[in-house]
Amino acid sequence: MRDTELYQQILGINTPWNVERVELVIADKRVDIHLTHKPEATWACPTCGKTMPLYDHSDQRSWRHLDTCQFQTFLHASVPRVECTEHGVGQVSAPWALPHGRFTALFERWIIDVLHETGTVSGAVALLGITWDEGWGVMDRAVKRGQKRKVAKVIEHLGVDEKAFRKGHSYVTVVCDIDKATVEHVADDRTSQSLGAYLGGLSQKQLWGIKAIAMDMWDPYFKAACEHIPLAEFRVVFDRFHIMKHMGEAVDKVRRQEHRELKAAGGKDAEKLTGTRYLWLSGEENVPPEKRARLRELVREVLRVGRAWAWKESLRDLWSYTTEGWARRFFSDWYAGAIRSRLEPVKKVARMLKSRLENIVSYCRYPITNGVAEGLNSKIMTIKRKACGFANREHFKTAIYFHCGGLSLYPEPSGGG
Ligand SMILES: [Zn+2]
């Protein structure tokens with residue numbers, strides 16, 4: 001088999017195209033493949049698809065293709081133009097190429113795979129020998145392509161979460177499909193408008209199709225949900241992990257104060273609470289076995305933090321009920337005790353939970369949490385860390401869609417997008 005035929009086979013080049021010659025430039029580790037076509041071939045108008053004879057050729061164009069045995073490989077061809085009576089002169093589409101750009105569809109596909117694998121543009125760029133802008137361009141086009149292809153559908157379980165972007169000063173709001181574990185939308189800030197703009201863009205059918213939406217006890221999100229989602233008061237489920245986080249913070253406040261007091265008092269108990277922070281914050285079953293004895297011992301000593309911890313741990317049972325009535329009864333008992341605990345931080349959280357109880361016990365109807373969103377969040381954190389932060393919020397958003405959007409990202413050759 002001659003090398004031209006070999007490449008024709010490898011590249012999947014079909015009539016009327018054929019490989020005219022292959023040049024190997026050993027010094028540059030590069031293969032140049034020149035393509036040509038049968039002179040009598042007819043071509044489709046890029047607009048209407050009607051076939052017609054050749055009008056003329058564009059200047060020669062080049063496309064980077066998949067490497068051949070680690071040699072960078074380029075296709076070269078002059079692309080035919082046709083003159084359509086209706087649409088004028090236009091360049092026909094070449095089967096290996098994308099409408100824009102300097103990569104073949106297969107190479108662009110490969111770049112997408114490498115971007116996924118490395119997690120960063122700079123990682124992919126180093127492996128593939130392309131520029132950062134080219135790598136970024138592929139990612140950006142892939143996301144635009146995926147979003148264009150996306151069909152509006154009903155999402156039954158939504159999760160809304162905030163994500164700090166650049167050291168706590170600015171946020172993005174991440175809306176996800178809990179069942180599919182995909183990011184549906186990323187909006188600037190964490191205001192009502194951040195979520196409202198997304199919900200406002202949904203159809204009536206999609207809005208009515210939302211069965212439940214999990215979120216933090218964050219009033220701007222709640223407000224946006226109530227403005228847009230029918231019966232939202234009934235469908236919002238405050239995320240149990242966020243609720244337990246509030247309880248954990250209450251325990252920690254009690255611990256810090258008590259720790260200060262013990263230290264100030266001096267004596268044998270001065271260092272009793274040193275290094276115990278995480279012991280109090282983990283769920284009991286997550287405390288490493290070797291530390292459990294220590295925890296029990298501390299709890300038995302009736303320290304204030306031990307009591308706060310017990311209120312936190314007992315609250316967790318709230319999510320074990322499957323009927324709202326029982327959950328309410330449980331909470332009412334828990335609340336009555338917690339409010340008499342003489343532990344201000346615990347009482348504060350108890351009051352907050354009481355005022356929002358409707359959307360806490362809604363968990364019995366819709367047992368959803370932002371656990372999935374939290375999983376996506378850690379993926380997003382990884383994206384952020386690997387890119388050493390993003391200079392630009394739009395870049396950050398694009399990377400989230402690329403890695404977590406569940407989008408169909410691959411190009412289809414010759415005009416398919
Ligand atoms: Zn035409």
# chains A, B, ... in the order shown; residues from 1 in each chain; ligands from 1
>>> closest_atom_pairs(of="chain A", to="ligand 1", cutoff="9 Å", atoms="only C-alpha atoms and all ligand atoms", output="CSV")
residue,atom,partner,partner_atom_place_in_ligand_line,distance
A:Ala44,CA,ligand 1,1 (Zn),7.9
A:Cys45,CA,ligand 1,1 (Zn),4.7
A:Pro46,CA,ligand 1,1 (Zn),6.6
A:Thr47,CA,ligand 1,1 (Zn),4.9
A:Cys48,CA,ligand 1,1 (Zn),4.1
A:Gly49,CA,ligand 1,1 (Zn),6.2
A:Lys50,CA,ligand 1,1 (Zn),5.9
A:Thr51,CA,ligand 1,1 (Zn),8.5
A:Val82,CA,ligand 1,1 (Zn),8.8
A:Glu83,CA,ligand 1,1 (Zn),8.0
A:Cys84,CA,ligand 1,1 (Zn),4.8
A:Thr85,CA,ligand 1,1 (Zn),6.8
A:Glu86,CA,ligand 1,1 (Zn),5.3
A:His87,CA,ligand 1,1 (Zn),4.6
A:Gly88,CA,ligand 1,1 (Zn),7.2
A:Val89,CA,ligand 1,1 (Zn),8.8
A:Gly90,CA,ligand 1,1 (Zn),8.5
>>> write_last_selection(atoms="C-alpha atoms", output="PDB file, in the first residue's frame")
ATOM      1  CA  ALA A  44     -23.229  21.145  -2.285  1.00  0.00           C
ATOM      2  CA  CYS A  45     -24.112  24.794  -1.704  1.00  0.00           C
ATOM      3  CA  PRO A  46     -23.330  25.438   1.992  1.00  0.00           C
ATOM      4  CA  THR A  47     -26.696  27.123   2.430  1.00  0.00           C
ATOM      5  CA  CYS A  48     -29.244  25.075   0.504  1.00  0.00           C
ATOM      6  CA  GLY A  49     -27.359  21.848  -0.147  1.00  0.00           C
ATOM      7  CA  LYS A  50     -28.127  21.839  -3.869  1.00  0.00           C
ATOM      8  CA  THR A  51     -25.229  20.280  -5.794  1.00  0.00           C
ATOM      9  CA  VAL A  82     -19.595  27.055  -5.599  1.00  0.00           C
ATOM     10  CA  GLU A  83     -21.741  29.724  -7.110  1.00  0.00           C
ATOM     11  CA  CYS A  84     -25.363  29.087  -6.186  1.00  0.00           C
ATOM     12  CA  THR A  85     -27.938  30.995  -8.251  1.00  0.00           C
ATOM     13  CA  GLU A  86     -29.775  31.708  -5.030  1.00  0.00           C
ATOM     14  CA  HIS A  87     -27.037  32.069  -2.401  1.00  0.00           C
ATOM     15  CA  GLY A  88     -24.088  33.398  -4.356  1.00  0.00           C
ATOM     16  CA  VAL A  89     -20.524  32.224  -3.992  1.00  0.00           C
ATOM     17  CA  GLY A  90     -19.782  30.131  -0.919  1.00  0.00           C
TER      18      GLY A  90
END
>>> residues_around(residues="Val172 in chain A", least_positions_apart="5", cutoff="6 Å", atoms="only C-alpha atoms", output="count of residues only")
5
>>> residues_around(residues="Ser194 in chain A", least_positions_apart="2", cutoff="12 Å", atoms="only C-alpha atoms", output="PDB file with N, CA, C and O atoms, in the first residue's frame")
ATOM      1  N   VAL A 160     -29.775  24.164  44.826  1.00  0.00           N
ATOM      2  CA  VAL A 160     -29.177  25.493  44.658  1.00  0.00           C
ATOM      3  C   VAL A 160     -28.121  25.670  45.730  1.00  0.00           C
ATOM      4  O   VAL A 160     -28.383  25.405  46.904  1.00  0.00           O
ATOM      5  N   ASP A 161     -26.965  26.100  45.323  1.00  0.00           N
ATOM      6  CA  ASP A 161     -25.877  26.247  46.265  1.00  0.00           C
ATOM      7  C   ASP A 161     -25.015  27.428  45.854  1.00  0.00           C
ATOM      8  O   ASP A 161     -24.955  27.765  44.687  1.00  0.00           O
ATOM      9  N   GLU A 162     -24.372  28.004  46.853  1.00  0.00           N
ATOM     10  CA  GLU A 162     -23.474  29.112  46.522  1.00  0.00           C
ATOM     11  C   GLU A 162     -22.048  28.602  46.529  1.00  0.00           C
ATOM     12  O   GLU A 162     -21.739  27.606  47.189  1.00  0.00           O
ATOM     13  N   TYR A 171     -19.300  35.562  44.876  1.00  0.00           N
ATOM     14  CA  TYR A 171     -19.916  34.247  44.850  1.00  0.00           C
ATOM     15  C   TYR A 171     -20.488  33.964  43.470  1.00  0.00           C
ATOM     16  O   TYR A 171     -20.783  34.878  42.719  1.00  0.00           O
ATOM     17  N   VAL A 172     -20.638  32.690  43.186  1.00  0.00           N
ATOM     18  CA  VAL A 172     -21.512  32.295  42.095  1.00  0.00           C
ATOM     19  C   VAL A 172     -22.588  31.379  42.685  1.00  0.00           C
ATOM     20  O   VAL A 172     -22.363  30.735  43.706  1.00  0.00           O
ATOM     21  N   THR A 173     -23.737  31.388  42.036  1.00  0.00           N
ATOM     22  CA  THR A 173     -24.824  30.504  42.437  1.00  0.00           C
ATOM     23  C   THR A 173     -24.858  29.343  41.455  1.00  0.00           C
ATOM     24  O   THR A 173     -24.857  29.556  40.246  1.00  0.00           O
ATOM     25  N   VAL A 174     -24.828  28.137  42.007  1.00  0.00           N
ATOM     26  CA  VAL A 174     -24.797  26.951  41.155  1.00  0.00           C
ATOM     27  C   VAL A 174     -26.137  26.216  41.290  1.00  0.00           C
ATOM     28  O   VAL A 174     -26.538  25.855  42.387  1.00  0.00           O
ATOM     29  N   VAL A 175     -26.826  26.065  40.162  1.00  0.00           N
ATOM     30  CA  VAL A 175     -28.094  25.341  40.154  1.00  0.00           C
ATOM     31  C   VAL A 175     -27.839  23.973  39.547  1.00  0.00           C
ATOM     32  O   VAL A 175     -27.266  23.887  38.456  1.00  0.00           O
ATOM     33  N   HIS A 185     -26.949  25.478  35.726  1.00  0.00           N
ATOM     34  CA  HIS A 185     -26.805  26.920  35.537  1.00  0.00           C
ATOM     35  C   HIS A 185     -25.820  27.481  36.550  1.00  0.00           C
ATOM     36  O   HIS A 185     -25.792  27.042  37.692  1.00  0.00           O
ATOM     37  N   VAL A 186     -25.024  28.439  36.111  1.00  0.00           N
ATOM     38  CA  VAL A 186     -24.134  29.154  37.030  1.00  0.00           C
ATOM     39  C   VAL A 186     -24.431  30.633  36.873  1.00  0.00           C
ATOM     40  O   VAL A 186     -24.410  31.153  35.755  1.00  0.00           O
ATOM     41  N   ALA A 187     -24.752  31.295  37.975  1.00  0.00           N
ATOM     42  CA  ALA A 187     -25.082  32.726  37.910  1.00  0.00           C
ATOM     43  C   ALA A 187     -24.150  33.518  38.807  1.00  0.00           C
ATOM     44  O   ALA A 187     -23.605  32.989  39.777  1.00  0.00           O
ATOM     45  N   ASP A 188     -23.973  34.787  38.491  1.00  0.00           N
ATOM     46  CA  ASP A 188     -23.160  35.665  39.335  1.00  0.00           C
ATOM     47  C   ASP A 188     -23.854  35.885  40.680  1.00  0.00           C
ATOM     48  O   ASP A 188     -25.074  35.879  40.761  1.00  0.00           O
ATOM     49  N   ASP A 189     -23.060  36.104  41.711  1.00  0.00           N
ATOM     50  CA  ASP A 189     -23.563  36.473  43.048  1.00  0.00           C
ATOM     51  C   ASP A 189     -24.441  35.399  43.688  1.00  0.00           C
ATOM     52  O   ASP A 189     -24.540  34.287  43.178  1.00  0.00           O
ATOM     53  N   ARG A 190     -25.061  35.768  44.791  1.00  0.00           N
ATOM     54  CA  ARG A 190     -25.983  34.832  45.467  1.00  0.00           C
ATOM     55  C   ARG A 190     -27.212  35.604  45.914  1.00  0.00           C
ATOM     56  O   ARG A 190     -27.674  35.512  47.037  1.00  0.00           O
ATOM     57  N   THR A 191     -27.710  36.425  45.013  1.00  0.00           N
ATOM     58  CA  THR A 191     -28.887  37.239  45.313  1.00  0.00           C
ATOM     59  C   THR A 191     -30.133  36.506  44.828  1.00  0.00           C
ATOM     60  O   THR A 191     -30.047  35.456  44.189  1.00  0.00           O
ATOM     61  N   SER A 192     -31.268  37.113  45.111  1.00  0.00           N
ATOM     62  CA  SER A 192     -32.531  36.609  44.590  1.00  0.00           C
ATOM     63  C   SER A 192     -32.486  36.526  43.070  1.00  0.00           C
ATOM     64  O   SER A 192     -32.970  35.581  42.457  1.00  0.00           O
ATOM     65  N   GLY A 196     -33.376  33.806  40.479  1.00  0.00           N
ATOM     66  CA  GLY A 196     -34.590  34.251  39.788  1.00  0.00           C
ATOM     67  C   GLY A 196     -34.414  34.283  38.278  1.00  0.00           C
ATOM     68  O   GLY A 196     -35.311  33.892  37.531  1.00  0.00           O
ATOM     69  N   ALA A 197     -33.243  34.719  37.821  1.00  0.00           N
ATOM     70  CA  ALA A 197     -33.029  34.828  36.375  1.00  0.00           C
ATOM     71  C   ALA A 197     -33.080  33.444  35.729  1.00  0.00           C
ATOM     72  O   ALA A 197     -33.632  33.278  34.641  1.00  0.00           O
ATOM     73  N   TYR A 198     -32.524  32.450  36.421  1.00  0.00           N
ATOM     74  CA  TYR A 198     -32.575  31.087  35.872  1.00  0.00           C
ATOM     75  C   TYR A 198     -34.018  30.583  35.835  1.00  0.00           C
ATOM     76  O   TYR A 198     -34.499  30.100  34.810  1.00  0.00           O
ATOM     77  N   LEU A 199     -34.713  30.701  36.968  1.00  0.00           N
ATOM     78  CA  LEU A 199     -36.089  30.196  37.034  1.00  0.00           C
ATOM     79  C   LEU A 199     -36.991  30.940  36.065  1.00  0.00           C
ATOM     80  O   LEU A 199     -37.869  30.355  35.429  1.00  0.00           O
ATOM     81  N   GLY A 200     -36.728  32.248  35.917  1.00  0.00           N
ATOM     82  CA  GLY A 200     -37.524  33.057  34.999  1.00  0.00           C
ATOM     83  C   GLY A 200     -37.386  32.593  33.557  1.00  0.00           C
ATOM     84  O   GLY A 200     -38.260  32.844  32.727  1.00  0.00           O
ATOM     85  N   GLY A 201     -36.279  31.933  33.253  1.00  0.00           N
ATOM     86  CA  GLY A 201     -36.055  31.467  31.885  1.00  0.00           C
ATOM     87  C   GLY A 201     -36.702  30.107  31.604  1.00  0.00           C
ATOM     88  O   GLY A 201     -36.682  29.636  30.470  1.00  0.00           O
ATOM     89  N   PRO A 220     -32.640  35.116  50.210  1.00  0.00           N
ATOM     90  CA  PRO A 220     -32.750  35.521  48.795  1.00  0.00           C
ATOM     91  C   PRO A 220     -33.133  34.355  47.868  1.00  0.00           C
ATOM     92  O   PRO A 220     -33.930  34.541  46.945  1.00  0.00           O
ATOM     93  N   TYR A 221     -32.592  33.167  48.122  1.00  0.00           N
ATOM     94  CA  TYR A 221     -32.949  32.019  47.283  1.00  0.00           C
ATOM     95  C   TYR A 221     -34.409  31.623  47.511  1.00  0.00           C
ATOM     96  O   TYR A 221     -35.142  31.307  46.578  1.00  0.00           O
ATOM     97  N   PHE A 222     -34.805  31.640  48.780  1.00  0.00           N
ATOM     98  CA  PHE A 222     -36.171  31.257  49.113  1.00  0.00           C
ATOM     99  C   PHE A 222     -37.165  32.200  48.429  1.00  0.00           C
ATOM    100  O   PHE A 222     -38.159  31.773  47.848  1.00  0.00           O
ATOM    101  N   LYS A 223     -36.815  33.455  48.474  1.00  0.00           N
ATOM    102  CA  LYS A 223     -37.672  34.476  47.863  1.00  0.00           C
ATOM    103  C   LYS A 223     -37.799  34.228  46.356  1.00  0.00           C
ATOM    104  O   LYS A 223     -38.898  34.240  45.804  1.00  0.00           O
ATOM    105  N   ALA A 224     -36.673  33.977  45.711  1.00  0.00           N
ATOM    106  CA  ALA A 224     -36.705  33.741  44.265  1.00  0.00           C
ATOM    107  C   ALA A 224     -37.547  32.509  43.942  1.00  0.00           C
ATOM    108  O   ALA A 224     -38.339  32.510  42.990  1.00  0.00           O
ATOM    109  N   ALA A 225     -37.408  31.458  44.754  1.00  0.00           N
ATOM    110  CA  ALA A 225     -38.189  30.238  44.513  1.00  0.00           C
ATOM    111  C   ALA A 225     -39.677  30.547  44.639  1.00  0.00           C
ATOM    112  O   ALA A 225     -40.486  30.122  43.815  1.00  0.00           O
TER     113      ALA A 225
END
>>> closest_residue(among="A:Val25, A:Val19, A:Ile360, A:Leu202", to="Gln72 in chain A", atoms="only C-alpha atoms")
A:Val25
>>> residues_around(residues="Ile130 in chain A", least_positions_apart="2", cutoff="12 Å", atoms="only C-alpha atoms", output="PyMOL selection string")
chain A and resi 64-65+72+102-103+107-108+111+121-128+132-138
>>> select_by_dssp(residues="range 74-238 of chain A", states="strand (DSSP E or B)", output="PyMOL selection string")
chain A and resi 74-84+88-91+97+103-104+157-165+170-177+182-188+212-215+236-238
>>> closest_residue(among="A:Gly283, A:Pro230, A:Pro345, A:Pro53", to="Val254 in chain A", atoms="only C-alpha atoms")
A:Pro345
>>> residues_around(residues="Val79 in chain A", least_positions_apart="4", cutoff="7 Å", atoms="only C-alpha atoms", output="VMD selection string")
chain A and resid 57 to 58 91 to 92 94
>>> write_last_selection(atoms="C-alpha atoms", output="CSV table (one decimal), in the first residue's frame")
chain,number,residue,atom,x,y,z
A,57,HIS,CA,-11.0,27.4,-4.8
A,58,SER,CA,-10.3,29.2,-1.6
A,91,GLN,CA,-17.2,27.8,0.4
A,92,VAL,CA,-18.3,24.2,0.6
A,94,ALA,CA,-14.8,19.8,4.0
>>> select_by_dssp(residues="range 143-246 of chain A", states="alpha helix (DSSP H)", output="PyMOL selection string")
chain A and resi 143-149+192-200+204-209+219-228+232-235+240-246
>>> atom_distance(atom1="CA of Lys348 in chain A", atom2="CA of Arg296 in chain A")
25.6 Å
>>> closest_atom_pairs(of="range 102-218 of chain A", to="range 403-412 of chain A", cutoff="8 Å", atoms="only C-alpha atoms", output="JSON lines")
{"residue": "A:Ala105", "atom": "CA", "partner": "A:Pro411", "partner_atom": "CA", "distance": 6.1}
{"residue": "A:Glu108", "atom": "CA", "partner": "A:Pro411", "partner_atom": "CA", "distance": 7.3}
{"residue": "A:Arg109", "atom": "CA", "partner": "A:Tyr410", "partner_atom": "CA", "distance": 5.6}
{"residue": "A:Ile112", "atom": "CA", "partner": "A:Tyr410", "partner_atom": "CA", "distance": 7.3}
{"residue": "A:His116", "atom": "CA", "partner": "A:His403", "partner_atom": "CA", "distance": 6.8}
{"residue": "A:Gly119", "atom": "CA", "partner": "A:His403", "partner_atom": "CA", "distance": 7.9}
{"residue": "A:Ala142", "atom": "CA", "partner": "A:Leu409", "partner_atom": "CA", "distance": 4.8}
{"residue": "A:Val143", "atom": "CA", "partner": "A:Leu409", "partner_atom": "CA", "distance": 6.3}
{"residue": "A:Arg145", "atom": "CA", "partner": "A:Leu409", "partner_atom": "CA", "distance": 6.3}
{"residue": "A:Gly146", "atom": "CA", "partner": "A:Ser408", "partner_atom": "CA", "distance": 4.8}
{"residue": "A:Gln147", "atom": "CA", "partner": "A:Leu407", "partner_atom": "CA", "distance": 6.9}
{"residue": "A:Arg149", "atom": "CA", "partner": "A:Ser408", "partner_atom": "CA", "distance": 7.3}
{"residue": "A:Lys150", "atom": "CA", "partner": "A:Leu407", "partner_atom": "CA", "distance": 7.2}
{"residue": "A:Thr182", "atom": "CA", "partner": "A:Gly405", "partner_atom": "CA", "distance": 5.2}
{"residue": "A:Val183", "atom": "CA", "partner": "A:Gly405", "partner_atom": "CA", "distance": 4.7}
{"residue": "A:Glu184", "atom": "CA", "partner": "A:Gly405", "partner_atom": "CA", "distance": 6.2}
>>> residues_around(residues="Glu258 in chain A", least_positions_apart="3", cutoff="8 Å", atoms="only C-alpha atoms", output="number ranges by chain")
A: 254-255, 261-262, 304-305
>>> atom_distance(atom1="CA of Arg340 in chain A", atom2="CA of Ala310 in chain A")
13.7 Å
>>> residues_around(residues="range 270-273 of chain A", least_positions_apart="5", cutoff="12 Å", atoms="only C-alpha atoms", output="NGL selection string")
:A and (252 or 254-265 or 278-280 or 294-295 or 297-299 or 301 or 303-306)
>>> atom_distance(atom1="CA of Ser93 in chain A", atom2="CA of Ala77 in chain A")
11.8 Å
>>> closest_residue(among="A:Ile400, A:Asp333, A:Thr42, A:Asn370", to="Gly159 in chain A", atoms="only C-alpha atoms")
A:Asn370
>>> closest_residue(among="A:Asp179, A:Glu313, A:Glu23, A:Asp269", to="Glu285 in chain A", atoms="only C-alpha atoms")
A:Glu313
>>> closest_residue(among="A:His100, A:Arg30, A:Lys312, A:Arg329", to="Leu75 in chain A", atoms="only C-alpha atoms")
A:Arg30
>>> decode(residues="range 107-122 of chain A", atoms="N, CA, C and O atoms", output="short mmCIF file (atom, residue, chain, number, x, y, z; two decimals), in the first residue's frame")
data_model
loop_
_atom_site.label_atom_id
_atom_site.label_comp_id
_atom_site.auth_asym_id
_atom_site.auth_seq_id
_atom_site.Cartn_x
_atom_site.Cartn_y
_atom_site.Cartn_z
N PHE A 107 -9.30 16.09 15.78
CA PHE A 107 -8.31 16.64 16.70
C PHE A 107 -9.00 17.45 17.80
O PHE A 107 -8.63 17.37 18.96
N GLU A 108 -10.01 18.21 17.41
CA GLU A 108 -10.73 19.02 18.40
C GLU A 108 -11.38 18.10 19.45
O GLU A 108 -11.40 18.38 20.64
N ARG A 109 -11.89 16.99 18.98
CA ARG A 109 -12.49 15.99 19.86
C ARG A 109 -11.45 15.46 20.86
O ARG A 109 -11.71 15.31 22.05
N TRP A 110 -10.25 15.22 20.34
CA TRP A 110 -9.16 14.73 21.17
C TRP A 110 -8.77 15.77 22.22
O TRP A 110 -8.53 15.46 23.38
N ILE A 111 -8.74 17.03 21.82
CA ILE A 111 -8.40 18.10 22.78
C ILE A 111 -9.43 18.11 23.92
O ILE A 111 -9.08 18.26 25.09
N ILE A 112 -10.70 17.91 23.55
CA ILE A 112 -11.76 17.89 24.58
C ILE A 112 -11.49 16.75 25.57
O ILE A 112 -11.58 16.92 26.79
N ASP A 113 -11.12 15.58 25.04
CA ASP A 113 -10.81 14.45 25.94
C ASP A 113 -9.64 14.79 26.86
O ASP A 113 -9.67 14.48 28.05
N VAL A 114 -8.62 15.40 26.29
CA VAL A 114 -7.43 15.72 27.09
C VAL A 114 -7.76 16.78 28.14
O VAL A 114 -7.31 16.71 29.28
N LEU A 115 -8.59 17.76 27.77
CA LEU A 115 -9.01 18.78 28.74
C LEU A 115 -9.75 18.13 29.91
O LEU A 115 -9.55 18.50 31.07
N HIS A 116 -10.58 17.17 29.61
CA HIS A 116 -11.30 16.48 30.67
C HIS A 116 -10.33 15.72 31.57
O HIS A 116 -10.46 15.70 32.79
N GLU A 117 -9.38 15.10 30.93
CA GLU A 117 -8.42 14.26 31.64
C GLU A 117 -7.51 15.10 32.54
O GLU A 117 -7.30 14.78 33.69
N THR A 118 -6.98 16.19 32.00
CA THR A 118 -6.02 17.00 32.76
C THR A 118 -6.72 17.96 33.70
O THR A 118 -6.14 18.38 34.70
N GLY A 119 -7.96 18.32 33.38
CA GLY A 119 -8.70 19.24 34.25
C GLY A 119 -8.32 20.70 34.05
O GLY A 119 -8.97 21.57 34.59
N THR A 120 -7.29 20.98 33.30
CA THR A 120 -6.91 22.38 33.09
C THR A 120 -6.51 22.64 31.65
O THR A 120 -6.03 21.74 30.95
N VAL A 121 -6.68 23.87 31.24
CA VAL A 121 -6.25 24.26 29.91
C VAL A 121 -4.73 24.17 29.81
O VAL A 121 -4.19 23.61 28.85
N SER A 122 -4.04 24.67 30.84
CA SER A 122 -2.57 24.66 30.75
C SER A 122 -2.02 23.24 30.68
O SER A 122 -1.03 22.98 29.99
#
